[in-house]
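Have a look at the structure below before the remarks.
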Amino acid sequence: MEAEGRYRRLFWLLGIGAAVIFFGSFLVGRYAVAPGKTACILADALLRGVSGGRLGLSPFWQSAERAVVVNVRLPRVFAAALVGAALSAAGVSYQGMFRNPMVSPDLLGASTGAGFGAALSIYFGFSYFGITLAAFLFGLGAVLLAYLVSRASRLESALSMVLAGVMIGSLFTSGTSLIKLVADTENQLPAITYWLMGSLSSVGARDVKFIFWPIAAGLVPLLLLRWRVNLLTLPEAEAASMGVDTKRLRAAVILCATLMTAASVSVSGMIGWVGLVIPHFARMLFGYDYRRLLPASALMGAAFLMVVDDLARVLTTSEIPLGILTSFVGAPLFIWLILTGGSERHA
């Protein structure tokens, strides 16, 4: 009971911290909007959205301030929270399923497939939404291809999935390199390179609506089944003896994690380390029980990527790609985890 009370307090602190970061992210940017005005603009937007425009506050702000908060920062902050939560939840789910703490969301090729789809669509001059859709579909297709290859293999199922994912990821990476080689160096190559480094600078309300449902379709079932994910960390025979169909459960976890990863990468580009590092910190605080670990990882991932995106906006005059920042932050943190024993010490 004492441990449960401690975990409950930690969850409250984590939730409050994420909420503070969420609101604080609206105050970050080169165009300053006072905190009071920001809160009222957001409240007005919420009232008008819920009531269909019938209710709202009397505006005492400039139209430019509302445009910055609602049209620019609101989609971006929401996207950062959704992508961070999705990547972290997908990473911790894969780590439990494969019983390997070094696994990340791009293990089965979703990120590299999405990167190839985006590069191909940029090469053929697709619209921004066309690039997003192509990245999403190719991300799903890459994991489906890895799954089909593993099903045809005679190796043990988890090992064959990993090997198939590495192989498919390598093929799509080579395909992306080929596109970069033949792309126009004036316009297409810089656009492809920047997309692959990851950014939320172009995200709008349409993108948030596009990724919300796939991420929700992946995250909600995982949260509902999180106690069963604990069984995937056990040996196959022991889990089966408890009456759990591990093959179906593993397929469900793969589907949910793939939906979240492909949707996230389709709008943010390739952002590393979130799904690898954040679950380790969640284990240090909440232990190995997925009933606590999975929601904690999602909350921590959302908070982490919102902070990183805030830094990307203000550190330099030209915005830093998120993939660069997450690498600068994630790699030293992971080295620290290795040197100190990380989650193993706190188990």
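Convention: chains lettered A, B, ... in structure tokens order; per-chain residue numbering from 1; ligands numbered from 1 as shown.
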
Residue neighbourhood range 33-42 of chain A, 10 Å, only C-alpha atoms, exclusion window fewer than 5 positions, as a tab-separated table (two decimals) with N, CA, C and O atoms, in the first residue's frame:
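The new file selection18.tsv reads:
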chain	number	residue	atom	x	y	z
A	23	PHE	N	1.32	24.14	-21.10
A	23	PHE	CA	0.92	25.55	-21.14
A	23	PHE	C	2.12	26.46	-21.36
A	23	PHE	O	2.06	27.44	-22.11
A	24	GLY	N	3.25	26.13	-20.72
A	24	GLY	CA	4.43	26.95	-20.87
A	24	GLY	C	4.94	26.98	-22.30
A	24	GLY	O	5.54	27.98	-22.73
A	26	PHE	N	3.24	27.36	-24.91
A	26	PHE	CA	2.54	28.42	-25.65
A	26	PHE	C	3.19	29.78	-25.45
A	26	PHE	O	2.94	30.70	-26.22
A	27	LEU	N	4.01	29.90	-24.43
A	27	LEU	CA	4.66	31.18	-24.14
A	27	LEU	C	6.04	31.29	-24.79
A	27	LEU	O	6.69	32.33	-24.69
A	28	VAL	N	6.47	30.20	-25.41
A	28	VAL	CA	7.80	30.16	-26.02
A	28	VAL	C	7.71	30.57	-27.48
A	28	VAL	O	6.88	30.05	-28.23
A	47	LEU	N	-14.05	27.23	-25.91
A	47	LEU	CA	-15.48	27.50	-25.81
A	47	LEU	C	-16.13	27.56	-27.20
A	47	LEU	O	-17.20	26.98	-27.42
A	48	ARG	N	-15.47	28.24	-28.12
A	48	ARG	CA	-16.03	28.36	-29.47
A	48	ARG	C	-16.04	27.01	-30.19
A	48	ARG	O	-16.97	26.70	-30.95
A	56	GLY	N	-18.14	32.31	-26.28
A	56	GLY	CA	-16.77	32.77	-26.36
A	56	GLY	C	-16.54	33.95	-25.43
A	56	GLY	O	-17.49	34.51	-24.86
A	57	LEU	N	-15.28	34.32	-25.24
A	57	LEU	CA	-14.94	35.44	-24.38
A	57	LEU	C	-14.92	36.73	-25.21
A	57	LEU	O	-14.71	36.69	-26.43
A	58	SER	N	-15.13	37.84	-24.53
A	58	SER	CA	-15.00	39.13	-25.20
A	58	SER	C	-13.53	39.39	-25.49
A	58	SER	O	-12.73	39.47	-24.54
A	59	PRO	N	-13.15	39.51	-26.74
A	59	PRO	CA	-11.72	39.64	-27.06
A	59	PRO	C	-11.12	40.95	-26.60
A	59	PRO	O	-11.68	42.02	-26.82
A	60	PHE	N	-9.98	40.86	-25.90
A	60	PHE	CA	-9.22	42.04	-25.52
A	60	PHE	C	-7.79	41.91	-26.04
A	60	PHE	O	-6.88	42.59	-25.59
A	61	TRP	N	-7.60	40.99	-26.98
A	61	TRP	CA	-6.31	40.72	-27.57
A	61	TRP	C	-6.32	41.11	-29.06
A	61	TRP	O	-7.37	41.22	-29.67
A	62	GLN	N	-5.14	41.27	-29.61
A	62	GLN	CA	-5.03	41.59	-31.03
A	62	GLN	C	-5.21	40.32	-31.86
A	62	GLN	O	-4.95	39.21	-31.40
A	64	ALA	N	-3.46	39.34	-34.29
A	64	ALA	CA	-2.16	38.70	-34.52
A	64	ALA	C	-1.80	37.79	-33.35
A	64	ALA	O	-1.24	36.70	-33.55
A	65	GLU	N	-2.12	38.21	-32.13
A	65	GLU	CA	-1.83	37.38	-30.96
A	65	GLU	C	-2.66	36.09	-30.98
A	65	GLU	O	-2.14	35.00	-30.68
A	66	ARG	N	-3.93	36.21	-31.35
A	66	ARG	CA	-4.76	35.01	-31.45
A	66	ARG	C	-4.25	34.08	-32.54
A	66	ARG	O	-4.25	32.84	-32.38
A	67	ALA	N	-3.83	34.64	-33.66
A	67	ALA	CA	-3.34	33.83	-34.77
A	67	ALA	C	-2.09	33.05	-34.35
A	67	ALA	O	-1.94	31.87	-34.68
A	68	VAL	N	-1.20	33.71	-33.62
A	68	VAL	CA	0.03	33.04	-33.17
A	68	VAL	C	-0.29	31.89	-32.22
A	68	VAL	O	0.23	30.78	-32.35
A	69	VAL	N	-1.18	32.15	-31.25
A	69	VAL	CA	-1.49	31.14	-30.24
A	69	VAL	C	-2.30	29.98	-30.82
A	69	VAL	O	-1.98	28.80	-30.61
A	70	VAL	N	-3.35	30.30	-31.58
A	70	VAL	CA	-4.28	29.27	-32.03
A	70	VAL	C	-3.82	28.59	-33.32
A	70	VAL	O	-3.91	27.36	-33.45
A	74	LEU	N	-0.68	26.27	-31.04
A	74	LEU	CA	-1.58	25.20	-30.58
A	74	LEU	C	-1.36	23.90	-31.35
A	74	LEU	O	-1.16	22.84	-30.73

Subject >> DSSP helix (DSSP H, G or I) residues within range 253-332 of chain A, as a VMD selection string >> reply: chain A and resid 253 to 268 274 to 286 290 to 314 322 to 332

Subject >> Selection near range 194-205 of chain A, 9 Å with only C-alpha atoms, sequence-local residues under 6 positions removed, as a list in words >> reply: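 Listed by chain and then number, they are Asn71, Val72, Arg73, Leu74, Pro75, Arg76, Ala79, Ala80, Gly115, Ala118, Ala119, Val265, Val267, Ser268, Gly269, Met270, Ile271, Gly272, Asp309, Ala312, Arg313, Glu319, Ile320, Pro321, Leu322, Gly323 and Ile324 of chain A.
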
**OP:** Could you tell me which of A:Ser104, A:Ser93, A:Ser111, A:Ser63 comes closest to Leu223 in chain A if we count only C-alpha atoms?
**Re:** A:Ser93

**OP:** Quote the spacing between CA of Gly139 in chain A and CA of Val220 in chain A in Å to one decimal place.
**Re:**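 Straight-line distance from CA of Gly139 in chain A to CA of Val220 in chain A works out to 20.2 Å.
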
**OP:** Excluding Leu14 in chain A and any residue of its chain fewer than 6 positions from it, enumerate the residues within 8 Å of it, using only C-alpha atoms, and give them as a list in words.
**Re:**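 Once the nearby chain positions are removed, what remains is Ala296, Leu299 and Met300 of chain A.
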
Subject >> Residue with smallest distance to Met161 in chain A - pool A:Phe124, A:Phe116, A:Phe11, A:Tyr147, counting only C-alpha atoms >> reply: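 Ranking A:Phe124, A:Phe116, A:Phe11, A:Tyr147 by distance to Met161 in chain A, first place goes to A:Tyr147.
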
Polymer residues at most 8 Å from range 96-101 of chain A, only C-alpha atoms, same-chain spacing of 3 or more positions, as a CSV table (one decimal) with C-alpha atoms, in the first residue's frame:
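Once everything was written out, this is selection38.csv:
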chain,number,residue,atom,x,y,z
A,92,VAL,CA,8.4,0.7,-24.2
A,93,SER,CA,5.9,-1.8,-25.7
A,158,ALA,CA,10.7,-12.8,-32.1
A,229,VAL,CA,2.0,-6.8,-21.9
A,230,ASN,CA,3.6,-7.9,-18.6
A,232,LEU,CA,5.1,-10.9,-22.9
A,233,THR,CA,8.2,-10.3,-20.7
A,250,ARG,CA,2.2,-9.9,-29.9
A,253,VAL,CA,1.2,-4.8,-29.8
A,276,LEU,CA,14.7,4.4,-26.4
A,280,HIS,CA,14.4,3.7,-19.1

Original post:
Counting only C-alpha atoms, what is within 9 Å of Tyr123 in chain A, bar same-chain residues fewer than 2 positions away, as a PyMOL selection string?
Top reply: chain A and resi 118-121+125-126+179-180+182-184+188-189+192

Original post:
In terms of the shortest atom-to-atom distance over only C-alpha atoms, which of A:Ile122, A:Ile338, A:Leu311, A:Leu222 is closest to Phe281 in chain A?
Top reply: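 Selected residue with least distance to Phe281 in chain A: A:Ile338.
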